[in-house]
Structure formats: C-alpha cells, structure tokens
file run_19.pdb (PDB, C-alpha atoms and all ligand atoms)
MODEL        1
ATOM      1  CA  MET A1103     -18.090  54.248 149.615  1.00  0.00           C
ATOM      2  CA  GLU A1104     -18.241  52.670 146.239  1.00  0.00           C
ATOM      3  CA  TYR A1105     -17.545  54.882 143.295  1.00  0.00           C
ATOM      4  CA  VAL A1106     -20.111  55.156 140.591  1.00  0.00           C
ATOM      5  CA  SER A1107     -18.939  55.844 137.092  1.00  0.00           C
ATOM      6  CA  GLU A1108     -20.323  58.223 134.565  1.00  0.00           C
ATOM      7  CA  GLY A1109     -23.684  56.742 133.757  1.00  0.00           C
ATOM      8  CA  GLY A1110     -24.227  55.448 137.273  1.00  0.00           C
ATOM      9  CA  ARG A1111     -25.891  57.039 140.251  1.00  0.00           C
ATOM     10  CA  ALA A1112     -24.715  57.569 143.780  1.00  0.00           C
ATOM     11  CA  ASP A1113     -26.735  58.539 146.824  1.00  0.00           C
ATOM     12  CA  VAL A1114     -23.895  60.720 148.006  1.00  0.00           C
ATOM     13  CA  CYS A1115     -22.088  63.038 145.582  1.00  0.00           C
ATOM     14  CA  LEU A1116     -18.878  61.165 144.869  1.00  0.00           C
ATOM     15  CA  PHE A1117     -16.840  64.358 144.526  1.00  0.00           C
ATOM     16  CA  CYS A1118     -18.031  65.740 147.859  1.00  0.00           C
ATOM     17  CA  ALA A1119     -17.559  62.338 149.486  1.00  0.00           C
ATOM     18  CA  ALA A1120     -14.007  62.111 148.156  1.00  0.00           C
ATOM     19  CA  LEU A1121     -13.154  65.565 149.500  1.00  0.00           C
ATOM     20  CA  ALA A1122     -14.674  64.785 152.896  1.00  0.00           C
ATOM     21  CA  ALA A1123     -12.938  61.413 153.265  1.00  0.00           C
ATOM     22  CA  ASN A1124      -9.522  62.978 153.985  1.00  0.00           C
ATOM     23  CA  ASP A1125      -7.777  59.972 152.481  1.00  0.00           C
ATOM     24  CA  ASP A1126      -6.636  61.380 149.170  1.00  0.00           C
ATOM     25  CA  ARG A1127      -4.884  58.266 147.919  1.00  0.00           C
ATOM     26  CA  LYS A1128      -7.885  56.068 148.619  1.00  0.00           C
ATOM     27  CA  SER A1129     -10.213  58.702 147.191  1.00  0.00           C
ATOM     28  CA  LEU A1130      -7.910  59.068 144.153  1.00  0.00           C
ATOM     29  CA  ILE A1131      -7.533  62.820 144.712  1.00  0.00           C
ATOM     30  CA  LEU A1132      -4.258  63.820 143.078  1.00  0.00           C
ATOM     31  CA  CYS A1133      -4.162  67.377 144.356  1.00  0.00           C
ATOM     32  CA  ARG A1134      -6.337  69.978 146.011  1.00  0.00           C
ATOM     33  CA  ARG A1135      -6.611  73.695 145.479  1.00  0.00           C
ATOM     34  CA  PRO A1136      -8.990  76.054 147.295  1.00  0.00           C
ATOM     35  CA  LYS A1137     -11.557  76.124 144.488  1.00  0.00           C
ATOM     36  CA  ALA A1138     -10.853  72.951 142.518  1.00  0.00           C
ATOM     37  CA  PHE A1139      -9.141  69.574 142.710  1.00  0.00           C
ATOM     38  CA  LEU A1140      -7.868  66.751 140.505  1.00  0.00           C
ATOM     39  CA  ILE A1141      -9.216  63.231 140.913  1.00  0.00           C
ATOM     40  CA  LEU A1142      -8.665  60.030 138.949  1.00  0.00           C
ATOM     41  CA  ASN A1143     -11.733  58.548 137.313  1.00  0.00           C
ATOM     42  CA  ALA A1144     -12.450  55.246 139.068  1.00  0.00           C
ATOM     43  CA  TYR A1145     -13.746  53.791 135.791  1.00  0.00           C
ATOM     44  CA  PRO A1146     -11.317  55.240 133.290  1.00  0.00           C
ATOM     45  CA  TYR A1147     -11.706  55.185 129.522  1.00  0.00           C
ATOM     46  CA  ALA A1148      -7.923  55.107 129.257  1.00  0.00           C
ATOM     47  CA  PRO A1149      -5.010  54.942 131.698  1.00  0.00           C
ATOM     48  CA  GLY A1150      -4.623  58.382 133.243  1.00  0.00           C
ATOM     49  CA  HIS A1151      -8.257  59.434 132.727  1.00  0.00           C
ATOM     50  CA  LEU A1152      -8.811  62.052 135.390  1.00  0.00           C
ATOM     51  CA  MET A1153     -11.117  64.919 136.196  1.00  0.00           C
ATOM     52  CA  ALA A1154     -10.700  68.485 137.402  1.00  0.00           C
ATOM     53  CA  ALA A1155     -13.666  69.238 139.638  1.00  0.00           C
ATOM     54  CA  LEU A1156     -14.906  72.247 141.534  1.00  0.00           C
ATOM     55  CA  THR A1157     -14.496  72.129 145.286  1.00  0.00           C
ATOM     56  CA  ARG A1158     -17.954  73.695 145.661  1.00  0.00           C
ATOM     57  CA  HIS A1159     -20.952  71.465 145.003  1.00  0.00           C
ATOM     58  CA  VAL A1160     -22.450  73.183 141.987  1.00  0.00           C
ATOM     59  CA  GLY A1161     -23.472  71.573 138.731  1.00  0.00           C
ATOM     60  CA  PRO A1162     -23.977  73.814 135.724  1.00  0.00           C
ATOM     61  CA  LEU A1163     -20.971  75.502 134.144  1.00  0.00           C
ATOM     62  CA  GLU A1164     -22.741  78.852 134.076  1.00  0.00           C
ATOM     63  CA  GLU A1165     -23.150  78.799 137.848  1.00  0.00           C
ATOM     64  CA  ALA A1166     -19.423  78.474 138.508  1.00  0.00           C
ATOM     65  CA  THR A1167     -17.517  81.665 139.256  1.00  0.00           C
ATOM     66  CA  ALA A1168     -14.727  82.970 137.037  1.00  0.00           C
ATOM     67  CA  GLU A1169     -12.234  82.175 139.806  1.00  0.00           C
ATOM     68  CA  GLU A1170     -13.506  78.608 140.098  1.00  0.00           C
ATOM     69  CA  LEU A1171     -13.271  78.074 136.356  1.00  0.00           C
ATOM     70  CA  ALA A1172      -9.792  79.595 136.218  1.00  0.00           C
ATOM     71  CA  GLU A1173      -8.545  77.268 138.951  1.00  0.00           C
ATOM     72  CA  THR A1174     -10.222  74.286 137.312  1.00  0.00           C
ATOM     73  CA  MET A1175      -8.565  75.024 133.983  1.00  0.00           C
ATOM     74  CA  ARG A1176      -5.183  75.583 135.627  1.00  0.00           C
ATOM     75  CA  LEU A1177      -5.535  72.089 137.073  1.00  0.00           C
ATOM     76  CA  VAL A1178      -6.440  70.772 133.618  1.00  0.00           C
ATOM     77  CA  GLN A1179      -3.201  72.318 132.349  1.00  0.00           C
ATOM     78  CA  SER A1180      -1.230  70.724 135.187  1.00  0.00           C
ATOM     79  CA  ALA A1181      -2.870  67.384 134.478  1.00  0.00           C
ATOM     80  CA  ILE A1182      -1.955  67.590 130.798  1.00  0.00           C
ATOM     81  CA  ARG A1183       1.666  68.334 131.691  1.00  0.00           C
ATOM     82  CA  ALA A1184       1.812  65.445 134.180  1.00  0.00           C
ATOM     83  CA  LEU A1185       0.123  63.011 131.812  1.00  0.00           C
ATOM     84  CA  THR A1186       2.425  64.059 128.994  1.00  0.00           C
ATOM     85  CA  ALA A1187       5.492  63.505 131.177  1.00  0.00           C
ATOM     86  CA  SER A1188       4.327  60.103 132.460  1.00  0.00           C
ATOM     87  CA  TYR A1189       2.315  58.594 129.616  1.00  0.00           C
ATOM     88  CA  HIS A1190       3.451  60.383 126.442  1.00  0.00           C
ATOM     89  CA  PRO A1191       0.008  60.465 124.819  1.00  0.00           C
ATOM     90  CA  ASP A1192      -0.475  61.772 121.291  1.00  0.00           C
ATOM     91  CA  GLY A1193      -3.474  63.894 122.229  1.00  0.00           C
ATOM     92  CA  PHE A1194      -6.255  64.456 124.734  1.00  0.00           C
ATOM     93  CA  ASN A1195     -10.007  64.563 124.970  1.00  0.00           C
ATOM     94  CA  ILE A1196     -10.859  67.410 127.328  1.00  0.00           C
ATOM     95  CA  GLY A1197     -14.525  67.835 127.921  1.00  0.00           C
ATOM     96  CA  VAL A1198     -17.639  68.428 129.946  1.00  0.00           C
ATOM     97  CA  ASN A1199     -20.892  66.503 129.883  1.00  0.00           C
ATOM     98  CA  GLN A1200     -23.613  68.792 131.238  1.00  0.00           C
ATOM     99  CA  GLY A1201     -26.913  67.134 132.054  1.00  0.00           C
ATOM    100  CA  ARG A1202     -27.902  63.488 132.168  1.00  0.00           C
ATOM    101  CA  VAL A1203     -28.970  63.512 128.524  1.00  0.00           C
ATOM    102  CA  ALA A1204     -25.478  64.665 127.562  1.00  0.00           C
ATOM    103  CA  GLY A1205     -23.903  61.741 129.356  1.00  0.00           C
ATOM    104  CA  ALA A1206     -23.045  63.206 132.745  1.00  0.00           C
ATOM    105  CA  GLY A1207     -22.988  60.607 135.512  1.00  0.00           C
ATOM    106  CA  VAL A1208     -22.661  63.236 138.231  1.00  0.00           C
ATOM    107  CA  VAL A1209     -24.940  66.035 137.100  1.00  0.00           C
ATOM    108  CA  ASP A1210     -24.791  68.318 140.111  1.00  0.00           C
ATOM    109  CA  HIS A1211     -21.049  68.708 140.646  1.00  0.00           C
ATOM    110  CA  PHE A1212     -19.143  70.347 137.805  1.00  0.00           C
ATOM    111  CA  HIS A1213     -16.090  68.517 136.479  1.00  0.00           C
ATOM    112  CA  VAL A1214     -13.921  68.447 133.362  1.00  0.00           C
ATOM    113  CA  HIS A1215     -12.705  65.143 131.960  1.00  0.00           C
ATOM    114  CA  VAL A1216      -9.139  64.781 130.730  1.00  0.00           C
ATOM    115  CA  VAL A1217      -8.570  61.586 128.743  1.00  0.00           C
ATOM    116  CA  PRO A1218      -5.173  60.887 127.182  1.00  0.00           C
ATOM    117  CA  ARG A1219      -5.273  59.459 123.663  1.00  0.00           C
ATOM    118  CA  TRP A1220      -2.740  57.545 121.630  1.00  0.00           C
ATOM    119  CA  ASN A1221      -2.488  57.128 117.888  1.00  0.00           C
ATOM    120  CA  GLY A1222      -4.349  53.974 117.029  1.00  0.00           C
ATOM    121  CA  ASP A1223      -6.236  53.659 120.283  1.00  0.00           C
ATOM    122  CA  THR A1224      -9.871  52.659 120.045  1.00  0.00           C
ATOM    123  CA  ASN A1225     -11.430  54.615 122.886  1.00  0.00           C
ATOM    124  CA  PHE A1226     -14.022  57.194 122.071  1.00  0.00           C
ATOM    125  CA  MET A1227     -14.967  59.667 124.740  1.00  0.00           C
ATOM    126  CA  PRO A1228     -18.755  59.571 124.820  1.00  0.00           C
ATOM    127  CA  VAL A1229     -19.167  55.846 125.330  1.00  0.00           C
ATOM    128  CA  LEU A1230     -20.630  56.087 128.800  1.00  0.00           C
ATOM    129  CA  GLY A1231     -21.286  53.600 131.535  1.00  0.00           C
ATOM    130  CA  ASP A1232     -18.817  51.218 129.982  1.00  0.00           C
ATOM    131  CA  VAL A1233     -16.371  49.839 132.516  1.00  0.00           C
ATOM    132  CA  ARG A1234     -13.201  48.957 130.695  1.00  0.00           C
ATOM    133  CA  VAL A1235     -10.463  46.535 131.531  1.00  0.00           C
ATOM    134  CA  LEU A1236      -7.227  48.435 131.720  1.00  0.00           C
ATOM    135  CA  PRO A1237      -3.605  47.349 131.750  1.00  0.00           C
ATOM    136  CA  GLU A1238      -2.829  49.389 134.860  1.00  0.00           C
ATOM    137  CA  SER A1239      -4.356  49.616 138.336  1.00  0.00           C
ATOM    138  CA  LEU A1240      -5.670  52.920 139.653  1.00  0.00           C
ATOM    139  CA  GLY A1241      -3.101  52.808 142.439  1.00  0.00           C
ATOM    140  CA  THR A1242      -0.334  52.542 139.871  1.00  0.00           C
ATOM    141  CA  THR A1243      -1.754  55.460 137.898  1.00  0.00           C
ATOM    142  CA  TYR A1244      -2.003  57.500 141.089  1.00  0.00           C
ATOM    143  CA  ASP A1245       1.597  56.788 142.017  1.00  0.00           C
ATOM    144  CA  ARG A1246       2.826  57.666 138.529  1.00  0.00           C
ATOM    145  CA  LEU A1247       1.000  60.989 138.362  1.00  0.00           C
ATOM    146  CA  ARG A1248       1.183  62.293 141.927  1.00  0.00           C
ATOM    147  CA  PRO A1249       4.943  63.007 141.929  1.00  0.00           C
ATOM    148  CA  VAL A1250       4.961  64.736 138.547  1.00  0.00           C
ATOM    149  CA  LEU A1251       2.105  67.111 139.345  1.00  0.00           C
ATOM    150  CA  SER A1252       4.185  70.233 139.802  1.00  0.00           C
ATOM    151  CA  LEU A1253       1.660  72.993 140.181  1.00  0.00           C
TER     152      LEU A1253
HETATM  153 ZN    ZN A1301     -20.650  67.434 145.249  1.00  0.00          ZN
ENDMDL
END
call {"tool": "encode", "arguments": {"input": "run_19.pdb", "output": "structure tokens"}}
result
Amino acid sequence: MEYVSEGGRADVCLFCAALAANDDRKSLILCRRPKAFLILNAYPYAPGHLMAALTRHVGPLEEATAEELAETMRLVQSAIRALTASYHPDGFNIGVNQGRVAGAGVVDHFHVHVVPRWNGDTNFMPVLGDVRVLPESLGTTYDRLRPVLSL
C-alpha cells in the first residue's frame, strides 16, 4: 500500500497495515513490542523522523492504557538514544497531534512523533502535509537506526 503522510488520508489505517504486512523493513517498522512499536515516518520532516505507535488501534490518548503508554514512552526513549548515537542531533521535537484540527493525519491510531533537530535547521514541527526532499533515503535511515536500537 502507499503510505499517506500526516495531512493525508488512507482507506486502511497505515499503522495497522504496516503491522499486518509482516515485512518490517518494507513497512519501515524498526522494532515491535507487545503494546507498541517504532516506525519511520514515510514523509519525514527531518532524517530520522519516526513514530512510536500503539499496537492496538485506538486513537485518543485518554483511551490508551497505562501499560500501553509506558511501552510507547519506553520506545520513545530507545528512539532518542538510537537517533543520538547515529545522527547526533542537538535536540528533539517529541509530540502528539490529537484530532484532525490539531494536525493529525492518522486520527484513530495513537502515535508519538520523534523528530531530531539540529542547531540552525529550518524545520518546524507543525508544518503538515509538506513532503520534503531529504538528503537520505528511508532505507538508509532504517539501516542506520535498526542496529543501534538496543532495547
Ligand atoms: Zn490502526
């Protein structure tokens, strides 16, 4: 299936489709845990832009269980460590867009964005639906991050 970025729409939930595909490299899934998983954003705002998503198809933050949120945030921590080791960013945007009006492209499957930032970069997180040209392919990003994700 074709991925739809934040701001786009998909007939099938892209997170559920990625989990069901059982081809993690093609689906850009970096790692799976029982209640959450890490996946690269197919239309990144910066190299290494990834998301920690719930395994369960549920949208609003307040409907996630404490265990689901704990696992999601542990994956965010792992992602930050891996991104720091591979990309040496100066900071991160870590955030959730809840609801279409807030900029969520996938409104019914909870996920947390992790976007590495560098001093002097010009990306700003809430610019949505903007497909950027990046100096690195998604496959390259995947191969850089996958081995350093020690969980
Ligand atoms: Zn889903």
call {"tool": "resolve_selection", "arguments": {"input": "run_19.pdb", "expression": "the PyMOL selection byres (((not hetatm)) within 7 of (chain A and resi 1301))", "output": "PyMOL selection string"}}
result
chain A and resi 1115-1118+1158-1160+1210-1211
call {"tool": "axis_aligned_box", "arguments": {"input": "run_19.pdb", "around": "range 1238-1248 of chain A", "padding_each_side": "3 Å", "output": "lines of an AutoDock Vina configuration file"}}
result
center_x = -1.4
center_y = 55.8
center_z = 138.6
size_x = 14.5
size_y = 18.9
size_z = 13.6
call {"tool": "closest_residue", "arguments": {"input": "run_19.pdb", "among": "A:Ala1181, A:Gly1150, A:Ala1187, A:Glu1169", "to": "Cys1133 in chain A", "atoms": "only C-alpha atoms"}}
result
A:Ala1181
call {"tool": "closest_residue", "arguments": {"input": "run_19.pdb", "among": "A:Leu1140, A:Leu1152, A:Val1209, A:Val1217", "to": "Thr1174 in chain A", "atoms": "all atoms listed in the file"}}
result
A:Leu1140
call {"tool": "atom_distance", "arguments": {"input": "run_19.pdb", "atom1": "CA of Ile1131 in chain A", "atom2": "CA of Pro1249 in chain A"}}
result
12.8 Å
call {"tool": "closest_residue", "arguments": {"input": "run_19.pdb", "among": "A:Ile1141, A:Leu1130, A:Leu1121, A:Leu1177", "to": "Thr1157 in chain A", "atoms": "all atoms listed in the file"}}
result
A:Leu1121
call {"tool": "decode", "arguments": {"input": "run_19.pdb", "residues": "range 1200-1222 of chain A", "atoms": "N, CA, C and O atoms", "output": "PDB file, in the first residue's frame"}}
result
ATOM      1  N   GLN A1200      -3.444  15.396  18.287  1.00  0.00           N
ATOM      2  CA  GLN A1200      -4.686  14.645  18.529  1.00  0.00           C
ATOM      3  C   GLN A1200      -5.842  15.368  17.857  1.00  0.00           C
ATOM      4  O   GLN A1200      -6.182  16.487  18.232  1.00  0.00           O
ATOM      5  N   GLY A1201      -6.447  14.708  16.895  1.00  0.00           N
ATOM      6  CA  GLY A1201      -7.563  15.294  16.161  1.00  0.00           C
ATOM      7  C   GLY A1201      -7.112  15.940  14.873  1.00  0.00           C
ATOM      8  O   GLY A1201      -5.991  16.449  14.762  1.00  0.00           O
ATOM      9  N   ARG A1202      -7.949  15.891  13.865  1.00  0.00           N
ATOM     10  CA  ARG A1202      -7.610  16.443  12.561  1.00  0.00           C
ATOM     11  C   ARG A1202      -7.250  17.920  12.668  1.00  0.00           C
ATOM     12  O   ARG A1202      -6.294  18.390  12.051  1.00  0.00           O
ATOM     13  N   VAL A1203      -8.022  18.661  13.469  1.00  0.00           N
ATOM     14  CA  VAL A1203      -7.799  20.097  13.577  1.00  0.00           C
ATOM     15  C   VAL A1203      -6.424  20.421  14.158  1.00  0.00           C
ATOM     16  O   VAL A1203      -5.860  21.473  13.887  1.00  0.00           O
ATOM     17  N   ALA A1204      -5.902  19.469  14.939  1.00  0.00           N
ATOM     18  CA  ALA A1204      -4.582  19.661  15.553  1.00  0.00           C
ATOM     19  C   ALA A1204      -3.455  19.199  14.646  1.00  0.00           C
ATOM     20  O   ALA A1204      -2.285  19.279  15.015  1.00  0.00           O
ATOM     21  N   GLY A1205      -3.813  18.691  13.471  1.00  0.00           N
ATOM     22  CA  GLY A1205      -2.774  18.329  12.519  1.00  0.00           C
ATOM     23  C   GLY A1205      -2.540  16.848  12.363  1.00  0.00           C
ATOM     24  O   GLY A1205      -1.643  16.451  11.626  1.00  0.00           O
ATOM     25  N   ALA A1206      -3.305  16.014  13.056  1.00  0.00           N
ATOM     26  CA  ALA A1206      -3.096  14.575  12.938  1.00  0.00           C
ATOM     27  C   ALA A1206      -3.527  14.098  11.551  1.00  0.00           C
ATOM     28  O   ALA A1206      -4.616  14.442  11.086  1.00  0.00           O
ATOM     29  N   GLY A1207      -2.672  13.299  10.913  1.00  0.00           N
ATOM     30  CA  GLY A1207      -3.018  12.705   9.635  1.00  0.00           C
ATOM     31  C   GLY A1207      -3.724  11.375   9.837  1.00  0.00           C
ATOM     32  O   GLY A1207      -4.605  11.002   9.079  1.00  0.00           O
ATOM     33  N   VAL A1208      -3.314  10.658  10.866  1.00  0.00           N
ATOM     34  CA  VAL A1208      -3.980   9.412  11.263  1.00  0.00           C
ATOM     35  C   VAL A1208      -4.622   9.693  12.609  1.00  0.00           C
ATOM     36  O   VAL A1208      -3.941   9.754  13.630  1.00  0.00           O
ATOM     37  N   VAL A1209      -5.916   9.903  12.616  1.00  0.00           N
ATOM     38  CA  VAL A1209      -6.570  10.372  13.847  1.00  0.00           C
ATOM     39  C   VAL A1209      -6.991   9.235  14.759  1.00  0.00           C
ATOM     40  O   VAL A1209      -7.223   9.454  15.942  1.00  0.00           O
ATOM     41  N   ASP A1210      -7.084   8.031  14.235  1.00  0.00           N
ATOM     42  CA  ASP A1210      -7.680   6.956  15.028  1.00  0.00           C
ATOM     43  C   ASP A1210      -6.676   5.886  15.462  1.00  0.00           C
ATOM     44  O   ASP A1210      -7.055   4.799  15.847  1.00  0.00           O
ATOM     45  N   HIS A1211      -5.383   6.221  15.373  1.00  0.00           N
ATOM     46  CA  HIS A1211      -4.374   5.273  15.855  1.00  0.00           C
ATOM     47  C   HIS A1211      -3.252   6.090  16.508  1.00  0.00           C
ATOM     48  O   HIS A1211      -2.472   6.742  15.818  1.00  0.00           O
ATOM     49  N   PHE A1212      -3.213   6.009  17.831  1.00  0.00           N
ATOM     50  CA  PHE A1212      -2.347   6.896  18.620  1.00  0.00           C
ATOM     51  C   PHE A1212      -0.865   6.681  18.309  1.00  0.00           C
ATOM     52  O   PHE A1212      -0.383   5.552  18.244  1.00  0.00           O
ATOM     53  N   HIS A1213      -0.149   7.783  18.128  1.00  0.00           N
ATOM     54  CA  HIS A1213       1.283   7.713  17.862  1.00  0.00           C
ATOM     55  C   HIS A1213       1.961   8.993  18.337  1.00  0.00           C
ATOM     56  O   HIS A1213       1.340  10.056  18.384  1.00  0.00           O
ATOM     57  N   VAL A1214       3.227   8.851  18.692  1.00  0.00           N
ATOM     58  CA  VAL A1214       4.047   9.967  19.168  1.00  0.00           C
ATOM     59  C   VAL A1214       5.156  10.211  18.156  1.00  0.00           C
ATOM     60  O   VAL A1214       5.900   9.287  17.817  1.00  0.00           O
ATOM     61  N   HIS A1215       5.264  11.437  17.684  1.00  0.00           N
ATOM     62  CA  HIS A1215       6.334  11.778  16.750  1.00  0.00           C
ATOM     63  C   HIS A1215       7.632  12.068  17.498  1.00  0.00           C
ATOM     64  O   HIS A1215       7.623  12.709  18.546  1.00  0.00           O
ATOM     65  N   VAL A1216       8.730  11.607  16.920  1.00  0.00           N
ATOM     66  CA  VAL A1216      10.060  11.968  17.415  1.00  0.00           C
ATOM     67  C   VAL A1216      10.824  12.528  16.212  1.00  0.00           C
ATOM     68  O   VAL A1216      11.058  11.814  15.233  1.00  0.00           O
ATOM     69  N   VAL A1217      11.164  13.812  16.288  1.00  0.00           N
ATOM     70  CA  VAL A1217      11.842  14.477  15.176  1.00  0.00           C
ATOM     71  C   VAL A1217      13.160  15.061  15.681  1.00  0.00           C
ATOM     72  O   VAL A1217      13.157  15.953  16.526  1.00  0.00           O
ATOM     73  N   PRO A1218      14.285  14.530  15.194  1.00  0.00           N
ATOM     74  CA  PRO A1218      15.567  15.110  15.605  1.00  0.00           C
ATOM     75  C   PRO A1218      15.742  16.512  15.033  1.00  0.00           C
ATOM     76  O   PRO A1218      15.288  16.811  13.930  1.00  0.00           O
ATOM     77  N   ARG A1219      16.397  17.362  15.803  1.00  0.00           N
ATOM     78  CA  ARG A1219      16.625  18.753  15.392  1.00  0.00           C
ATOM     79  C   ARG A1219      18.095  19.095  15.537  1.00  0.00           C
ATOM     80  O   ARG A1219      18.773  18.602  16.439  1.00  0.00           O
ATOM     81  N   TRP A1220      18.560  19.939  14.648  1.00  0.00           N
ATOM     82  CA  TRP A1220      19.946  20.393  14.694  1.00  0.00           C
ATOM     83  C   TRP A1220      19.967  21.911  14.791  1.00  0.00           C
ATOM     84  O   TRP A1220      19.086  22.583  14.201  1.00  0.00           O
ATOM     85  N   ASN A1221      20.974  22.418  15.489  1.00  0.00           N
ATOM     86  CA  ASN A1221      21.132  23.871  15.555  1.00  0.00           C
ATOM     87  C   ASN A1221      21.187  24.426  14.139  1.00  0.00           C
ATOM     88  O   ASN A1221      21.936  23.944  13.308  1.00  0.00           O
ATOM     89  N   GLY A1222      20.346  25.408  13.886  1.00  0.00           N
ATOM     90  CA  GLY A1222      20.361  26.038  12.578  1.00  0.00           C
ATOM     91  C   GLY A1222      19.468  25.389  11.555  1.00  0.00           C
ATOM     92  O   GLY A1222      19.356  25.886  10.438  1.00  0.00           O
TER      93      GLY A1222
END
